[in-house]
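One file, my_file.pdb, is given below (PDB, C-alpha atoms).
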ATOM      1  CA  MET T   1     -65.437  39.294  61.187
ATOM      2  CA  LYS T   2     -68.233  38.429  58.793
ATOM      3  CA  SER T   3     -71.351  36.970  60.365
ATOM      4  CA  LEU T   4     -74.464  35.188  59.117
ATOM      5  CA  ALA T   5     -76.479  38.180  60.353
ATOM      6  CA  GLU T   6     -75.132  40.181  57.381
ATOM      7  CA  LEU T   7     -77.272  37.980  55.157
ATOM      8  CA  GLN T   8     -80.341  39.596  56.709
ATOM      9  CA  ALA T   9     -79.244  42.917  55.244
ATOM     10  CA  ILE T  10     -78.759  41.306  51.815
ATOM     11  CA  LYS T  11     -82.231  39.775  52.116
ATOM     12  CA  ASP T  12     -83.829  43.160  52.859
ATOM     13  CA  LYS T  13     -81.965  44.787  49.995
ATOM     14  CA  MET T  14     -83.009  42.045  47.552
ATOM     15  CA  LYS T  15     -86.737  42.218  48.306
ATOM     16  CA  ASP T  16     -87.418  45.089  45.895
ATOM     17  CA  LYS T  17     -85.122  43.681  43.235
ATOM     18  CA  VAL T  18     -86.893  40.312  43.139
ATOM     19  CA  VAL T  19     -90.220  41.972  42.374
ATOM     20  CA  LEU T  20     -88.606  44.036  39.645
ATOM     21  CA  ARG T  21     -87.004  40.992  38.062
ATOM     22  CA  GLU T  22     -90.074  38.830  37.686
ATOM     23  CA  GLY T  23     -91.514  38.985  34.211
ATOM     24  CA  SER T  24     -88.622  40.879  32.657
ATOM     25  CA  ALA T  25     -87.447  39.169  29.495
ATOM     26  CA  GLN T  26     -84.048  37.784  30.363
ATOM     27  CA  LYS T  27     -80.929  37.112  28.392
ATOM     28  CA  ARG T  28     -79.230  33.902  29.443
ATOM     29  CA  VAL T  29     -75.528  33.145  29.535
ATOM     30  CA  VAL T  30     -74.981  29.380  29.808
ATOM     31  CA  VAL T  31     -71.531  28.013  30.655
ATOM     32  CA  GLY T  32     -70.721  24.327  30.058
ATOM     33  CA  MET T  33     -69.502  22.825  33.331
ATOM     34  CA  ALA T  34     -68.997  19.105  32.656
ATOM     35  CA  THR T  35     -65.592  17.395  33.030
ATOM     36  CA  CYS T  36     -64.529  18.660  29.593
ATOM     37  CA  GLY T  37     -65.461  22.290  30.337
ATOM     38  CA  ILE T  38     -63.968  22.302  33.830
ATOM     39  CA  ALA T  39     -60.689  20.777  32.650
ATOM     40  CA  ALA T  40     -60.453  23.341  29.838
ATOM     41  CA  GLY T  41     -60.927  26.319  32.190
ATOM     42  CA  ALA T  42     -64.679  26.944  32.492
ATOM     43  CA  ARG T  43     -64.557  27.911  36.166
ATOM     44  CA  PRO T  44     -62.722  31.243  35.696
ATOM     45  CA  VAL T  45     -64.891  31.950  32.632
ATOM     46  CA  LEU T  46     -68.054  31.473  34.679
ATOM     47  CA  ASN T  47     -66.681  33.677  37.449
ATOM     48  CA  ALA T  48     -65.775  36.380  34.930
ATOM     49  CA  PHE T  49     -69.388  36.408  33.674
ATOM     50  CA  VAL T  50     -70.816  36.493  37.210
ATOM     51  CA  GLU T  51     -68.499  39.373  38.176
ATOM     52  CA  GLY T  52     -68.709  41.267  34.888
ATOM     53  CA  VAL T  53     -72.501  41.124  34.494
ATOM     54  CA  ASN T  54     -72.836  42.629  37.959
ATOM     55  CA  LYS T  55     -70.117  45.223  37.378
ATOM     56  CA  GLU T  56     -71.743  46.423  34.160
ATOM     57  CA  GLY T  57     -75.092  46.739  35.927
ATOM     58  CA  LEU T  58     -76.697  43.999  33.829
ATOM     59  CA  SER T  59     -77.805  41.673  36.636
ATOM     60  CA  GLY T  60     -81.447  42.660  36.158
ATOM     61  CA  GLU T  61     -81.556  41.505  32.547
ATOM     62  CA  VAL T  62     -78.866  38.822  32.251
ATOM     63  CA  ALA T  63     -78.938  35.469  34.067
ATOM     64  CA  VAL T  64     -75.682  33.501  34.249
ATOM     65  CA  THR T  65     -76.298  29.748  34.510
ATOM     66  CA  GLN T  66     -74.444  26.448  34.141
ATOM     67  CA  THR T  67     -75.070  23.320  32.118
ATOM     68  CA  GLY T  68     -73.481  19.932  31.490
ATOM     69  CA  CYS T  69     -71.639  18.707  28.411
ATOM     70  CA  ILE T  70     -72.888  20.318  25.206
ATOM     71  CA  GLY T  71     -71.111  17.742  23.051
ATOM     72  CA  ILE T  72     -68.384  19.859  21.453
ATOM     73  CA  CYS T  73     -65.695  19.122  24.052
ATOM     74  CA  GLN T  74     -62.829  20.109  21.721
ATOM     75  CA  TYR T  75     -64.112  23.710  21.772
ATOM     76  CA  GLU T  76     -64.438  24.044  25.554
ATOM     77  CA  PRO T  77     -64.821  26.299  27.452
ATOM     78  CA  VAL T  78     -68.096  26.855  25.605
ATOM     79  CA  VAL T  79     -70.539  29.643  26.418
ATOM     80  CA  GLU T  80     -73.990  29.933  24.844
ATOM     81  CA  ILE T  81     -75.973  33.156  24.864
ATOM     82  CA  PHE T  82     -79.738  33.081  24.503
ATOM     83  CA  GLU T  83     -81.715  36.251  23.861
ATOM     84  CA  PRO T  84     -85.463  36.378  23.374
ATOM     85  CA  GLY T  85     -86.301  36.584  19.676
ATOM     86  CA  LYS T  86     -82.720  36.025  18.500
ATOM     87  CA  ASP T  87     -80.650  33.049  17.359
ATOM     88  CA  LYS T  88     -78.446  31.377  19.969
ATOM     89  CA  VAL T  89     -74.805  32.495  19.867
ATOM     90  CA  THR T  90     -72.124  29.895  20.724
ATOM     91  CA  TYR T  91     -68.765  31.224  21.901
ATOM     92  CA  VAL T  92     -65.890  28.734  22.030
ATOM     93  CA  LYS T  93     -62.405  28.458  23.554
ATOM     94  CA  MET T  94     -63.416  31.099  26.050
ATOM     95  CA  THR T  95     -61.215  32.791  28.644
ATOM     96  CA  ALA T  96     -61.941  35.332  31.377
ATOM     97  CA  GLU T  97     -60.530  38.079  29.119
ATOM     98  CA  LYS T  98     -62.760  37.092  26.217
ATOM     99  CA  ALA T  99     -65.709  37.012  28.624
ATOM    100  CA  ASP T 100     -65.091  40.675  29.488
ATOM    101  CA  ARG T 101     -65.339  41.634  25.827
ATOM    102  CA  VAL T 102     -68.490  39.564  25.290
ATOM    103  CA  ILE T 103     -70.126  41.259  28.279
ATOM    104  CA  LYS T 104     -69.271  44.775  27.069
ATOM    105  CA  GLU T 105     -69.841  44.330  23.331
ATOM    106  CA  HIS T 106     -72.529  41.654  23.119
ATOM    107  CA  LEU T 107     -74.554  41.723  26.332
ATOM    108  CA  LYS T 108     -74.283  45.469  26.834
ATOM    109  CA  GLY T 109     -73.666  46.747  23.303
ATOM    110  CA  GLY T 110     -75.849  44.261  21.437
ATOM    111  CA  LYS T 111     -73.109  43.339  18.955
ATOM    112  CA  VAL T 112     -71.951  39.706  18.661
ATOM    113  CA  VAL T 113     -68.170  39.248  18.988
ATOM    114  CA  THR T 114     -67.972  37.233  15.771
ATOM    115  CA  GLU T 115     -64.305  36.246  16.064
ATOM    116  CA  TYR T 116     -64.979  34.233  19.261
ATOM    117  CA  THR T 117     -67.960  32.310  17.870
ATOM    118  CA  ILE T 118     -67.873  28.676  16.797
ATOM    119  CA  ALA T 119     -68.422  29.749  13.193
ATOM    120  CA  ALA T 120     -65.099  31.606  13.230
ATOM    121  CA  PHE T 121     -63.249  28.608  14.752
ATOM    122  CA  ALA T 122     -64.808  25.837  12.705
ATOM    123  CA  LYS T 123     -63.557  27.303   9.427
TER     124      LYS T 123
ATOM    125  CA  MET R   1     -56.979  18.880  35.806
ATOM    126  CA  LYS R   2     -54.630  21.619  36.951
ATOM    127  CA  GLU R   3     -56.005  21.784  40.492
ATOM    128  CA  LEU R   4     -57.648  19.173  42.716
ATOM    129  CA  SER R   5     -60.332  21.763  43.461
ATOM    130  CA  LEU R   6     -61.443  21.351  39.824
ATOM    131  CA  ASN R   7     -61.836  17.614  40.374
ATOM    132  CA  ILE R   8     -63.928  18.404  43.447
ATOM    133  CA  LEU R   9     -66.154  20.652  41.329
ATOM    134  CA  ASP R  10     -66.465  17.936  38.683
ATOM    135  CA  ILE R  11     -67.292  15.144  41.158
ATOM    136  CA  ALA R  12     -69.746  17.306  43.116
ATOM    137  CA  GLU R  13     -71.586  18.071  39.861
ATOM    138  CA  ASN R  14     -72.349  14.320  39.727
ATOM    139  CA  SER R  15     -73.892  14.558  43.207
ATOM    140  CA  VAL R  16     -76.137  17.406  42.087
ATOM    141  CA  LYS R  17     -77.054  15.453  38.975
ATOM    142  CA  ALA R  18     -77.965  12.515  41.283
ATOM    143  CA  LYS R  19     -80.510  14.924  42.825
ATOM    144  CA  ALA R  20     -78.740  14.997  46.177
ATOM    145  CA  PRO R  21     -80.478  17.416  48.562
ATOM    146  CA  LEU R  22     -77.153  17.704  50.421
ATOM    147  CA  THR R  23     -73.595  17.296  49.152
ATOM    148  CA  GLN R  24     -70.783  17.327  51.691
ATOM    149  CA  ILE R  25     -67.276  18.319  50.658
ATOM    150  CA  LEU R  26     -64.895  17.411  53.441
ATOM    151  CA  LEU R  27     -61.166  18.089  53.299
ATOM    152  CA  ASP R  28     -58.873  16.795  55.969
ATOM    153  CA  GLU R  29     -55.346  18.039  55.580
ATOM    154  CA  THR R  30     -52.183  17.445  57.601
ATOM    155  CA  GLU R  31     -48.660  18.585  56.753
ATOM    156  CA  THR R  32     -48.205  15.528  54.528
ATOM    157  CA  VAL R  33     -51.608  14.040  53.674
ATOM    158  CA  LEU R  34     -54.741  15.483  52.078
ATOM    159  CA  THR R  35     -57.976  13.494  52.223
ATOM    160  CA  ILE R  36     -60.889  14.627  50.078
ATOM    161  CA  SER R  37     -64.334  13.150  50.731
ATOM    162  CA  ILE R  38     -67.431  13.950  48.714
ATOM    163  CA  VAL R  39     -70.534  12.515  50.325
ATOM    164  CA  ASP R  40     -74.050  12.921  48.977
ATOM    165  CA  ASN R  41     -77.535  11.651  49.673
ATOM    166  CA  GLY R  42     -78.513  11.479  46.019
ATOM    167  CA  CYS R  43     -80.012   8.549  44.130
ATOM    168  CA  GLY R  44     -76.837   6.465  44.432
ATOM    169  CA  MET R  45     -75.787   3.622  42.155
ATOM    170  CA  THR R  46     -76.264  -0.109  42.088
ATOM    171  CA  GLU R  47     -73.263  -2.305  42.865
ATOM    172  CA  ASP R  48     -72.897  -3.092  39.187
ATOM    173  CA  VAL R  49     -72.608   0.587  38.211
ATOM    174  CA  VAL R  50     -70.201   1.375  41.076
ATOM    175  CA  LYS R  51     -67.856  -1.289  39.724
ATOM    176  CA  ARG R  52     -67.824   0.403  36.336
ATOM    177  CA  VAL R  53     -67.507   4.119  37.196
ATOM    178  CA  THR R  54     -63.724   4.043  37.483
ATOM    179  CA  ASP R  55     -63.618   2.731  33.913
ATOM    180  CA  PRO R  56     -63.118   5.626  31.447
ATOM    181  CA  PHE R  57     -65.461   3.943  29.005
ATOM    182  CA  TYR R  58     -68.378   4.224  31.380
ATOM    183  CA  THR R  59     -70.259   7.526  31.586
ATOM    184  CA  THR R  60     -73.636   9.007  32.457
ATOM    185  CA  ARG R  61     -73.339  11.616  29.758
ATOM    186  CA  THR R  62     -75.450  11.208  26.673
ATOM    187  CA  THR R  63     -73.387  13.328  24.295
ATOM    188  CA  ARG R  64     -70.454  10.917  24.034
ATOM    189  CA  LYS R  65     -69.278   7.567  25.313
ATOM    190  CA  VAL R  66     -66.316   8.494  27.518
ATOM    191  CA  GLY R  67     -66.470   9.612  31.158
ATOM    192  CA  LEU R  68     -63.196  10.773  32.639
ATOM    193  CA  GLY R  69     -64.218  12.556  35.834
ATOM    194  CA  ILE R  70     -63.876   9.706  38.316
ATOM    195  CA  PRO R  71     -61.003   7.897  36.526
ATOM    196  CA  PHE R  72     -58.993  11.173  36.551
ATOM    197  CA  PHE R  73     -59.551  11.728  40.245
ATOM    198  CA  LYS R  74     -58.611   8.128  41.101
ATOM    199  CA  MET R  75     -55.469   8.316  38.972
ATOM    200  CA  GLU R  76     -54.382  11.631  40.517
ATOM    201  CA  ALA R  77     -54.649  10.153  44.026
ATOM    202  CA  GLU R  78     -52.868   6.929  43.140
ATOM    203  CA  MET R  79     -50.063   8.827  41.365
ATOM    204  CA  THR R  80     -49.056  10.246  44.747
ATOM    205  CA  GLY R  81     -49.046   6.815  46.404
ATOM    206  CA  GLY R  82     -52.464   7.583  47.845
ATOM    207  CA  SER R  83     -55.749   5.766  47.556
ATOM    208  CA  PHE R  84     -59.262   6.069  46.161
ATOM    209  CA  SER R  85     -62.530   4.491  47.213
ATOM    210  CA  ILE R  86     -66.151   4.755  46.204
ATOM    211  CA  GLU R  87     -69.193   3.400  47.990
ATOM    212  CA  SER R  88     -72.769   3.821  46.969
ATOM    213  CA  LYS R  89     -76.259   2.758  47.944
ATOM    214  CA  SER R  90     -78.923   3.034  45.278
ATOM    215  CA  GLU R  91     -82.288   4.533  46.031
ATOM    216  CA  SER R  92     -84.051   1.472  44.597
ATOM    217  CA  GLU R  93     -82.380  -0.863  47.096
ATOM    218  CA  PHE R  94     -82.055   1.542  50.040
ATOM    219  CA  PRO R  95     -85.033   3.925  49.888
ATOM    220  CA  ASN R  96     -84.254   5.530  53.250
ATOM    221  CA  ASP R  97     -80.467   5.561  53.262
ATOM    222  CA  HIS R  98     -79.022   6.128  49.813
ATOM    223  CA  GLY R  99     -76.205   8.129  48.315
ATOM    224  CA  THR R 100     -72.582   8.015  47.258
ATOM    225  CA  MET R 101     -69.306   8.521  49.108
ATOM    226  CA  ILE R 102     -66.061   9.133  47.282
ATOM    227  CA  LYS R 103     -62.848   9.367  49.239
ATOM    228  CA  ALA R 104     -59.377  10.040  47.909
ATOM    229  CA  THR R 105     -56.128  10.347  49.813
ATOM    230  CA  PHE R 106     -53.127  12.249  48.453
ATOM    231  CA  HIS R 107     -49.532  12.367  49.644
ATOM    232  CA  LYS R 108     -48.634  16.039  49.457
ATOM    233  CA  ASP R 109     -44.885  15.516  49.458
ATOM    234  CA  HIS R 110     -44.997  13.296  46.363
ATOM    235  CA  ILE R 111     -43.683  14.940  43.183
ATOM    236  CA  ASP R 112     -46.891  14.076  41.299
ATOM    237  CA  PHE R 113     -49.172  15.753  43.847
ATOM    238  CA  ILE R 114     -51.449  18.261  42.130
ATOM    239  CA  PRO R 115     -52.098  21.305  44.330
ATOM    240  CA  LEU R 116     -55.556  21.778  45.814
ATOM    241  CA  GLY R 117     -55.858  25.228  44.209
ATOM    242  CA  ASP R 118     -58.777  27.593  44.573
ATOM    243  CA  VAL R 119     -61.273  25.560  46.560
ATOM    244  CA  ILE R 120     -63.293  28.673  47.469
ATOM    245  CA  SER R 121     -63.990  29.252  43.785
ATOM    246  CA  THR R 122     -65.201  25.647  43.501
ATOM    247  CA  ILE R 123     -67.657  26.167  46.359
ATOM    248  CA  THR R 124     -69.024  29.464  45.010
ATOM    249  CA  THR R 125     -69.319  27.961  41.513
ATOM    250  CA  LEU R 126     -71.318  24.994  42.850
ATOM    251  CA  ILE R 127     -73.657  27.237  44.814
ATOM    252  CA  GLN R 128     -74.077  29.710  41.934
ATOM    253  CA  GLY R 129     -75.005  26.898  39.566
ATOM    254  CA  HIS R 130     -77.214  24.970  41.983
ATOM    255  CA  PRO R 131     -78.784  27.420  44.411
ATOM    256  CA  ASP R 132     -81.548  24.968  45.344
ATOM    257  CA  SER R 133     -79.153  22.217  46.439
ATOM    258  CA  ASP R 134     -77.434  22.292  49.809
ATOM    259  CA  PHE R 135     -73.699  22.036  50.341
ATOM    260  CA  LEU R 136     -71.719  21.465  53.483
ATOM    261  CA  PHE R 137     -68.057  22.353  53.146
ATOM    262  CA  ARG R 138     -65.434  21.783  55.784
ATOM    263  CA  HIS R 139     -61.674  22.040  55.350
ATOM    264  CA  VAL R 140     -59.524  21.131  58.327
ATOM    265  CA  PHE R 141     -55.899  22.132  57.759
ATOM    266  CA  PRO R 142     -52.803  22.463  59.954
ATOM    267  CA  GLY R 143     -53.545  25.323  62.321
ATOM    268  CA  GLY R 144     -57.215  25.864  61.552
ATOM    269  CA  GLU R 145     -60.346  25.151  59.611
ATOM    270  CA  ALA R 146     -62.852  26.757  57.249
ATOM    271  CA  SER R 147     -66.475  25.762  56.864
ATOM    272  CA  LEU R 148     -69.769  26.716  55.269
ATOM    273  CA  ASP R 149     -73.253  25.202  55.446
ATOM    274  CA  THR R 150     -75.739  26.529  52.889
ATOM    275  CA  ARG R 151     -78.639  25.322  55.068
ATOM    276  CA  GLU R 152     -77.689  27.960  57.638
ATOM    277  CA  LEU R 153     -77.442  30.608  54.908
ATOM    278  CA  ARG R 154     -80.822  29.627  53.531
ATOM    279  CA  ASN R 155     -82.397  30.149  56.964
ATOM    280  CA  GLU R 156     -81.111  33.715  57.092
ATOM    281  CA  LEU R 157     -81.982  34.550  53.500
ATOM    282  CA  GLY R 158     -85.631  33.509  53.507
ATOM    283  CA  GLY R 159     -86.663  33.237  49.871
ATOM    284  CA  VAL R 160     -83.645  35.050  48.404
ATOM    285  CA  SER R 161     -81.695  32.791  46.022
ATOM    286  CA  LEU R 162     -78.204  31.679  47.010
ATOM    287  CA  ALA R 163     -77.193  32.453  43.407
ATOM    288  CA  GLU R 164     -77.696  36.212  43.868
ATOM    289  CA  TYR R 165     -74.460  38.080  43.238
ATOM    290  CA  GLU R 166     -74.461  39.685  46.684
ATOM    291  CA  VAL R 167     -74.816  36.274  48.341
ATOM    292  CA  ILE R 168     -72.062  34.644  46.261
ATOM    293  CA  LYS R 169     -69.797  37.592  47.021
ATOM    294  CA  TRP R 170     -70.569  37.254  50.731
ATOM    295  CA  ILE R 171     -69.761  33.505  50.665
ATOM    296  CA  ASP R 172     -66.471  34.224  48.889
ATOM    297  CA  GLU R 173     -65.443  36.794  51.498
ATOM    298  CA  TYR R 174     -66.737  34.666  54.386
ATOM    299  CA  LEU R 175     -64.546  31.730  53.337
ATOM    300  CA  LYS R 176     -61.506  33.867  52.483
ATOM    301  CA  GLU R 177     -61.662  35.387  55.945
ATOM    302  CA  GLN R 178     -61.636  31.936  57.544
ATOM    303  CA  TYR R 179     -58.476  31.001  55.650
ATOM    304  CA  THR R 180     -56.623  34.200  56.482
ATOM    305  CA  SER R 181     -57.626  34.416  60.140
ATOM    306  CA  ASN R 182     -56.203  30.968  60.843
TER     307      ASN R 182
END
Go ahead and render the structure in this file as structure tokens.
Amino acid sequence: MKSLAELQAIKDKMKDKVVLREGSAQKRVVVGMATCGIAAGARPVLNAFVEGVNKEGLSGEVAVTQTGCIGICQYEPVVEIFEPGKDKVTYVKMTAEKADRVIKEHLKGGKVVTEYTIAAFAK
Amino acid sequence: MKELSLNILDIAENSVKAKAPLTQILLDETETVLTISIVDNGCGMTEDVVKRVTDPFYTTRTTRKVGLGIPFFKMEAEMTGGSFSIESKSESEFPNDHGTMIKATFHKDHIDFIPLGDVISTITTLIQGHPDSDFLFRHVFPGGEASLDTRELRNELGGVSLAEYEVIKWIDEYLKEQYTSN
């Protein structure tokens, strides 16, 4: 049985990490979670980013967050990636599988997955 | 929406947006009826706004003029022969006792009943996105119940964010265990 006391252990483990994280320039993954995004399948996309970022050991440099409606509902699920000193990248019609590739190639490898961006879809 | 749990996520996002310190997600399920209540102590709405929220052409969003979250949820309940209600007290009129309560009842044996789906994922998504808000979740179902109160978690965690991967993972497993042990 899991108990609340296990959270104490997580707390102790996190102490060092929190110090390490402060001040480090972070990349941000922002998933649109308004009615349009949720209906189009944003929840599994968000979960794929949360899982994948941790699995690839990127949790120290990548923050996964949520936002409301971005205004391009027809392209949902929409994911925006912000990196310090770089232009924002907007990925559209996302799925959990596409998220895996974005994590490996873009967040880890530094190479934008052009075919999933809004520029590729809006043609 | 493909699952009612997605409607719950959508409606609860409104509670967070209304700056609710606490959002309660209460599911009461029998063999034939599912009642979903979402109760918050956020800024609430005036009577005039409450009257309009079930209208698809009313919305709080600023990026377009259509708001389908509440109309969808109402329609999905009524499709099963169930019911929908919304009550709200605005902060301006009720400074000490404000918030919104949405309640929808679904008949599970009706052909148009949409399954509840992955409610655990809805809870972890809400907490991951809003680690500074509190959520109370309780699902009573035939033969058992599952519950989670982020205020209790917060006490244990001290200053550690509820959005930390390890914490979200723990919540996921904690809830899954409650469903399987019943």
Selected by the PyMOL selection byres ((chain T and resi 84-97) around 8) in the shown coordinates: which residues, as a ChimeraX atom specification? /T:25-27,41-42,44-49,75-83,98-101,112,116-118,121
Sorted by chain and rising residue number, list the residues of chain R at most 10 Å from chain T (counting all atoms listed in the file), each with its closest atom pair and distance in Å to one decimal, as a tab-separated table.
residue	atom	partner	partner_atom	distance
R:Met1	CA	T:Ala39	CA	5.2
R:Lys2	CA	T:Ala39	CA	7.5
R:Glu3	CA	T:Ala39	CA	9.2
R:Leu6	CA	T:Ile38	CA	6.6
R:Asn7	CA	T:Thr35	CA	8.3
R:Leu9	CA	T:Ile38	CA	8.0
R:Asp10	CA	T:Thr35	CA	5.7
R:Ile11	CA	T:Thr35	CA	8.6
R:Glu13	CA	T:Ala34	CA	7.7
R:Asn14	CA	T:Ala34	CA	9.2
R:Lys17	CA	T:Gly68	CA	9.4
R:Arg61	CA	T:Cys69	CA	7.4
R:Thr62	CA	T:Cys69	CA	8.6
R:Thr63	CA	T:Gly71	CA	5.1
R:Arg64	CA	T:Gly71	CA	6.9
R:Gly67	CA	T:Thr35	CA	8.1
R:Leu68	CA	T:Thr35	CA	7.1
R:Gly69	CA	T:Thr35	CA	5.8
R:Ile70	CA	T:Thr35	CA	9.5
R:Phe72	CA	T:Thr35	CA	9.7
R:Ser121	CA	T:Arg43	CA	7.8
R:Thr122	CA	T:Arg43	CA	7.7
R:Thr124	CA	T:Asn47	CA	9.0
R:Thr125	CA	T:Arg43	CA	7.2
R:Leu126	CA	T:Gln66	CA	9.4
R:Gln128	CA	T:Thr65	CA	7.7
R:Gly129	CA	T:Gln66	CA	5.5
R:His130	CA	T:Gln66	CA	8.4
R:Glu152	CA	T:Leu4	CA	8.1
R:Leu153	CA	T:Leu4	CA	6.9
R:Arg154	CA	T:Leu7	CA	9.2
R:Asn155	CA	T:Leu7	CA	9.5
R:Glu156	CA	T:Gln8	CA	5.9
R:Leu157	CA	T:Lys11	CA	5.4
R:Gly158	CA	T:Lys11	CA	7.3
R:Gly159	CA	T:Lys11	CA	8.2
R:Val160	CA	T:Lys11	CA	6.2
R:Ser161	CA	T:Lys11	CA	9.3
R:Ala163	CA	T:Val64	CA	9.3
R:Glu164	CA	T:Met14	CA	8.7
R:Tyr165	CA	T:Asn54	CA	7.2
R:Glu166	CA	T:Ile10	CA	6.9
R:Val167	CA	T:Ile10	CA	7.3
R:Ile168	CA	T:Val50	CA	9.3
R:Lys169	CA	T:Glu51	CA	9.1
R:Trp170	CA	T:Leu7	CA	8.1
R:Ile171	CA	T:Lys2	CA	9.6
R:Glu173	CA	T:Lys2	CA	8.0
R:Tyr174	CA	T:Lys2	CA	6.0
R:Leu175	CA	T:Lys2	CA	9.4
R:Glu177	CA	T:Met1	CA	7.5
R:Gln178	CA	T:Met1	CA	9.0
R:Ser181	CA	T:Met1	CA	9.3
Using only C-alpha atoms, collect all residues at a distance of at most 7 Å from (-74.9, 10.1, 45.0) as written in the file, then present them as a PyMOL selection string. chain R and resi 15+18+20+40-44+88+99-100
Could you tell me how far atom CA of Val53 of chain R lies from atom CA of Gly117 of chain R, in Å and to one decimal? 25.1 Å
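For the set R:Phe84, R:Phe73, R:Tyr179, R:Phe94, the residue with the smallest atom-to-atom gap to Phe141 of chain R is R:Tyr179, counting only C-alpha atoms.
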For a test of reading the model, state the distance in Å between atom CA of Glu61 of chain T and atom CA of Val29 of chain T, rounded to one decimal. 10.7 Å
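Comparing the minimum interatomic distances between Leu136 of chain R and each of R:Ile38, R:Lys19, R:Glu31, R:Lys89, counting all atoms listed in the file, we find that R:Ile38 sits nearest.
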Given the file above and the PyMOL selection byres ((chain R and resi 33) around 6), which residues are selected, and can you give them as a PDB file with C-alpha atoms, in the coordinates of the input?
ATOM      1  CA  GLU R  29     -55.346  18.039  55.580  1.00  0.00           C
ATOM      2  CA  THR R  30     -52.183  17.445  57.601  1.00  0.00           C
ATOM      3  CA  THR R  32     -48.205  15.528  54.528  1.00  0.00           C
ATOM      4  CA  LEU R  34     -54.741  15.483  52.078  1.00  0.00           C
ATOM      5  CA  PHE R 106     -53.127  12.249  48.453  1.00  0.00           C
ATOM      6  CA  HIS R 107     -49.532  12.367  49.644  1.00  0.00           C
ATOM      7  CA  LYS R 108     -48.634  16.039  49.457  1.00  0.00           C
TER       8      LYS R 108
END
Output, as JSON, the centre and edge lengths in Å (one decimal) of the axis-aligned box that contains all listed atoms of segment 12-15 of chain R with 4 Å of margin on each side.
{"center_x": -71.8, "center_y": 16.2, "center_z": 41.5, "size_x": 12.1, "size_y": 11.8, "size_z": 11.5}
Pairwise distance for atom CA of Met79 of chain R and atom CA of Asp28 of chain R, rounded to one decimal in Å: 18.8 Å
Report as an mmCIF file with C-alpha atoms, in the coordinates of the input the residues that result from applying the PyMOL selection byres ((chain R and resi 80-82) around 7) to the structure here.
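The resulting selection.cif:
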data_model
loop_
_atom_site.group_PDB
_atom_site.id
_atom_site.type_symbol
_atom_site.label_atom_id
_atom_site.label_comp_id
_atom_site.auth_asym_id
_atom_site.auth_seq_id
_atom_site.Cartn_x
_atom_site.Cartn_y
_atom_site.Cartn_z
ATOM 1 C CA GLU R 76 -54.382 11.631 40.517
ATOM 2 C CA ALA R 77 -54.649 10.153 44.026
ATOM 3 C CA GLU R 78 -52.868 6.929 43.140
ATOM 4 C CA MET R 79 -50.063 8.827 41.365
ATOM 5 C CA SER R 83 -55.749 5.766 47.556
ATOM 6 C CA THR R 105 -56.128 10.347 49.813
ATOM 7 C CA PHE R 106 -53.127 12.249 48.453
ATOM 8 C CA HIS R 107 -49.532 12.367 49.644
ATOM 9 C CA HIS R 110 -44.997 13.296 46.363
ATOM 10 C CA ASP R 112 -46.891 14.076 41.299
ATOM 11 C CA PHE R 113 -49.172 15.753 43.847
#
Got a sec: who's within 8 Å of Pro71 of chain R, counting all atoms listed in the file, leaving out chain neighbours fewer than 5 positions off, as a PDB file with C-alpha atoms, keeping the file's coordinate frame?
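This is the output file selection.pdb:
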ATOM      1  CA  VAL R  53     -67.507   4.119  37.196  1.00  0.00           C
ATOM      2  CA  THR R  54     -63.724   4.043  37.483  1.00  0.00           C
ATOM      3  CA  ASP R  55     -63.618   2.731  33.913  1.00  0.00           C
ATOM      4  CA  PRO R  56     -63.118   5.626  31.447  1.00  0.00           C
TER       5      PRO R  56
END
Name the residues, using the chain letters and numbers of the file, that sit within 9 Å of (-64.1, 18.3, 56.6) when counting all atoms listed in the file, and give them as a VMD selection string. chain R and resid 24 to 29 35 to 37 136 to 140 145 to 147
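Taking all atoms listed in the file into account, Leu4 of chain R lies nearest to R:Asp118 out of the set R:Asp48, R:Asp118, R:Asp172, R:Asp132.
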